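Below is one structure, written out as C-alpha cells, with a few remarks after it.
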Amino acid sequence: MINTAKKTVRVFPYLPRWAVLFIDVIISIFAFTIAYLVYYQIQKRTIDVGPYMTALFVNTGVNIIFFLALKTYVGVMRYSTLRDAWRIFGATLGAFVSMIVVANVLSAWWSYETLSAGFLFINFLFVSTLMVLFRMIVKLTYDYICRYNSLEKLKPILVFDVTPSTIAIAELIKNTQRPKYELMGFITPDEKDNKNSILNLPLYSMSKKDALKIKKKGVEALLINPKEQGRREKQAISDYCEENNLKILSMATLSSIDDEGDAINKIKDIQIEDLLGRVPIDISVDKIASDLEGKCVMVTGAAGSIGSEIVRQIANFNPGLLLLCDIAESPLHTLQLEIKERFPNIEFLPLICDVRNYNRMAMIFEKYKPAHIYHAAAYKHVPLMEDHPCEAVYSNVFGTKNTVDLAYKYGAEAFVMISTDKAVNPTNVMGASKRIAEIYVQTLYKEICKDKTNDKFRIITTRFGNVLGSNGSVIPRFKEQIEKGGPITVTDERIIRYFMTIREACRLVLEAANMGKGGEIFVFDMGTPVKIVDLARKMIKLSGLKPDKDIKIVYTGLRPGEKLYEELLATEESTKPTYNKKIMIGTVRDDYEYCDVTNRINELAASISNYENEHTVELMKQLVPEFVSENSIYEKLDKKHKEALV
C-alpha cells in the first residue's frame, strides 16, 4: 500500500520561513497597488507614479518590520489556525497605524492625500484579507489533495458528545494529513442542541428524526471516549448503534495523544470490555504504597492475564525488587520487555520456575526472601482439568502448598492467593482443586496463629469470577470466531456468568491484600451477571454484522464440569462488609483441622503420583463434601456415595 500522506507531502512540501515572508511581502505590495487604484478611482484623480512608488517603498518597509516582529511567517500554511489569523491582523493593524504616523511626519515632502487615512484603511483591509485568504486556500487545497487523492475510502463518522476533549480530538481528525475518517458531525443526547454546529459541522441528537438524517449522510460509525461515559450511557450508545447499524469506535484520551496522526492511529474498534466496564474503583493508594514500597514482591503466574496485570499495578508502587515467576518462557519474555520499557526505574527479575517444584521454589525464597507473595499460578480451564484431575491437583493444590509453606518458612509478611467463584459448591475438578487450596491456606493460618512465633504473617484469599479478555476466555474466543465468519459457539442459551475487567479485579486484589488481617476469604462485588448469548449478540453487532444472519450462533451443550450459574458464595456462607463497598469478607466453613487436611492432601499426593484419576477425584470429594460433579464422568462417584449412605 502506497503511503498517500508521504506522497502528498512530496507534491506539496513545507515552505521555508523566508519563502512565507517573501509571499507575505508580495501580497502586501499587490494589496497596496489594488488599494491605490481603487482609492484613486473613487476619488476620480489621476495616478501619480512618483508618489505612488515612494509610498509603496515606505509601506513595504513598515510591513516587513511588523511581519518580522509578530512572526507572521512562522506557522505552516497548511495547518493555519485562528492564532495565525490574529497574528496577521495584529501585524497589518500595526502597519496601518504606523503609516498614518509616517504620513503625518512626512507630509512636508508629499501631499497628505497620497497616504490619507481613508486610503490606508482600504489598504489595511485588502492586505489582511488577502494574507488570511491565501492561507485558507493553501489549507483547503492541501486538505483536498490529502482526502480526495487517498487510495483508501474514508469512513464517515460522528463524534459522540460535545466536550472540550471531544471537540479537540475532532479538530485533530479534521486536520490530519493521514486521513482515514471523514468527520460528518457530532451527536449528543441533548435534543435541544441539535440546531447548533461545531467546527462548521452539524450537531445531531439521538432522536429518530435525526437518525434518518444520519443514515442519508452515509455515516458508518460513532466515535466515543469510553472513559468519559458511565455504564448506563455506554448501554444507551450501544443500543442506539445497534438500532441504526453503526459501528462503535473508541478514541484515546486527549492527554495520551501527541499529534493529529497519533489521534488517528489511536482510534480503535470498541472493545466489549469498554462497554461492560463499571464505575472506576477507588482504592487506598497510599496504604498500598506504604505496604509495598521498597520491598521484595513475588508474583507467581506472572505471565498470565491476572498475574501480568498485578505486576503492572505493583510496579506503580515502587517495590524494591519485583520477582516475576512463571513456567511459560515466551509470555514471560514478552512481559519482561514490557516492564523494562514502561517502568525503566523498577528493579525486577524474571524467573523461569514451576511452583510445583518445591526445591526450585525454595532456592528462590532462600535467596530473595520476598515479603509479599501474590499467588496467581494455576490451571483454570474447566474441561481440560476434568480430563486431567491429577494435573489440576498437582498445580492448584500442591503449587499453592509449596508457595505458602515457603512464604511462612522464610518470614514473608503476606501471602495472597487468587481463587475463583468456581470454588463455591464446585461442580468440576478445577473448582474443587481451588477449594482444597483455600482450605489448606486457611488451616495453615489457624495453625500459625496457635504457634504465636510469627504473628505478622498474613494469609489472604481473594475470590472472584470471570475476567474480561483473559487468556482463553469467552471474549477472545468470540472475536476469533467472528473474524472467521462464524459461527459463534455458545454452550447453552441459559448460561450466565459474572464478568469483571482484569484491571478492576487486580486493583481489588491489591486492596484486599492491604486490608486483610489474615485468614479471610475476600469476595468481590461482581455486579450483574451477563447472559453469554447476549454477550455474543452484542459482539456481533459491534462488528457491524447481524446476529443469525451474517454470523450464526450455535449451541453446543454444556462442557464437562460446567454449570449454568456461577456462585460467589456457598449456600451456608454469608458475607461481612468492609470499608470498600466492592469487597466483602466471606464467612466460610472453618471447621477443618490442619492435621486432618494435611493427611488428606498426602493421600492426594500418593494418588496423583500414580495418575489415578478416578481415585484422585474420589479423595477430592471426601475433602470437599459439597463437590458434586455435573455433566461429568465423575457423576458416578456421587451416585456411589449416595448409595453408600442409603
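Chain labels run A, B, ... following the order of the C-alpha cells; each chain numbers its residues from 1, and ligands are numbered from 1 in the order shown.
Neighbours of Thr491 in chain A closer than or equal to 7 Å, with only C-alpha atoms counted and sequence neighbours fewer than 3 positions away skipped, come out as Tyr555, Thr556, Gly557 and Leu558 of chain A.
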Looking at only C-alpha atoms, which of A:Ala414, A:Leu324, A:Ala289, A:Val523 is the one that sits closest to Pro577 in chain A?
-> A:Val523
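Of the listed residues A:Leu510, A:Ile224, A:Cys296, A:Cys325, the one whose atoms come nearest to Tyr368 in chain A is A:Cys296, with distances taken using only C-alpha atoms.
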So which residues of range 330-436 of chain A fall under helix (DSSP H, G or I) by DSSP, listed as an NGL selection string?
-> :A and (330-342 or 358-368 or 382-387 or 389-409 or 421-423 or 429-436)
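You can rank A:Met251, A:Leu545, A:Tyr240, A:Gly465 by their closest distance to Ser165 in chain A using only C-alpha atoms, and at the top of that list sits A:Met251.
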Spatial neighbours of Thr60 in chain A, max dist 8 Å, only C-alpha atoms, sep filter under 5 positions, as an NGL selection string | :A and (25 or 28-29)
Go ahead and write the selection's residues with N, CA and C atoms as a short mmCIF file (atom, residue, chain, number, x, y, z; two decimals), in the first residue's frame.
```cif
data_model
loop_
_atom_site.label_atom_id
_atom_site.label_comp_id
_atom_site.auth_asym_id
_atom_site.auth_seq_id
_atom_site.Cartn_x
_atom_site.Cartn_y
_atom_site.Cartn_z
N VAL A 25 5.17 39.59 1.70
CA VAL A 25 5.60 40.89 1.18
C VAL A 25 4.98 41.13 -0.20
N SER A 28 1.44 42.03 0.23
CA SER A 28 1.29 43.41 0.72
C SER A 28 1.49 44.41 -0.42
N ILE A 29 2.44 44.15 -1.32
CA ILE A 29 2.67 45.04 -2.48
C ILE A 29 1.45 45.02 -3.41
#
```
Long-range neighbours of Tyr181 in chain A as an MDAnalysis selection string, 8 Å cut-off, only C-alpha atoms, 4 positions minimum in chain = chainID A and resid 154:157 173
Can those selected residues be exported to a file as a short mmCIF file (atom, residue, chain, number, x, y, z; two decimals), in the first residue's frame so that it contains N, CA and C atoms?
```
data_model
loop_
_atom_site.label_atom_id
_atom_site.label_comp_id
_atom_site.auth_asym_id
_atom_site.auth_seq_id
_atom_site.Cartn_x
_atom_site.Cartn_y
_atom_site.Cartn_z
N LEU A 154 -12.54 6.95 2.68
CA LEU A 154 -12.65 7.46 4.04
C LEU A 154 -13.96 6.99 4.67
N LYS A 155 -13.89 6.62 5.95
CA LYS A 155 -15.09 6.14 6.65
C LYS A 155 -15.81 7.33 7.28
N PRO A 156 -17.08 7.58 6.92
CA PRO A 156 -17.83 8.68 7.52
C PRO A 156 -18.18 8.36 8.98
N ILE A 157 -17.83 9.27 9.89
CA ILE A 157 -18.08 9.03 11.32
C ILE A 157 -18.67 10.26 11.99
N ILE A 173 -8.68 15.24 14.05
CA ILE A 173 -9.09 14.35 12.96
C ILE A 173 -9.27 15.13 11.67
#
```
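Counting from CA of Leu406 in chain A, the distance to CA of Gly307 in chain A is 19.4 Å.
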Surrounding residues of range 475-489 of chain A excluding itself and chain neighbours under 5 positions, 12 Å, only C-alpha atoms, as a PyMOL selection string = chain A and resi 269+271-273+276+466-470+499+501+532-559
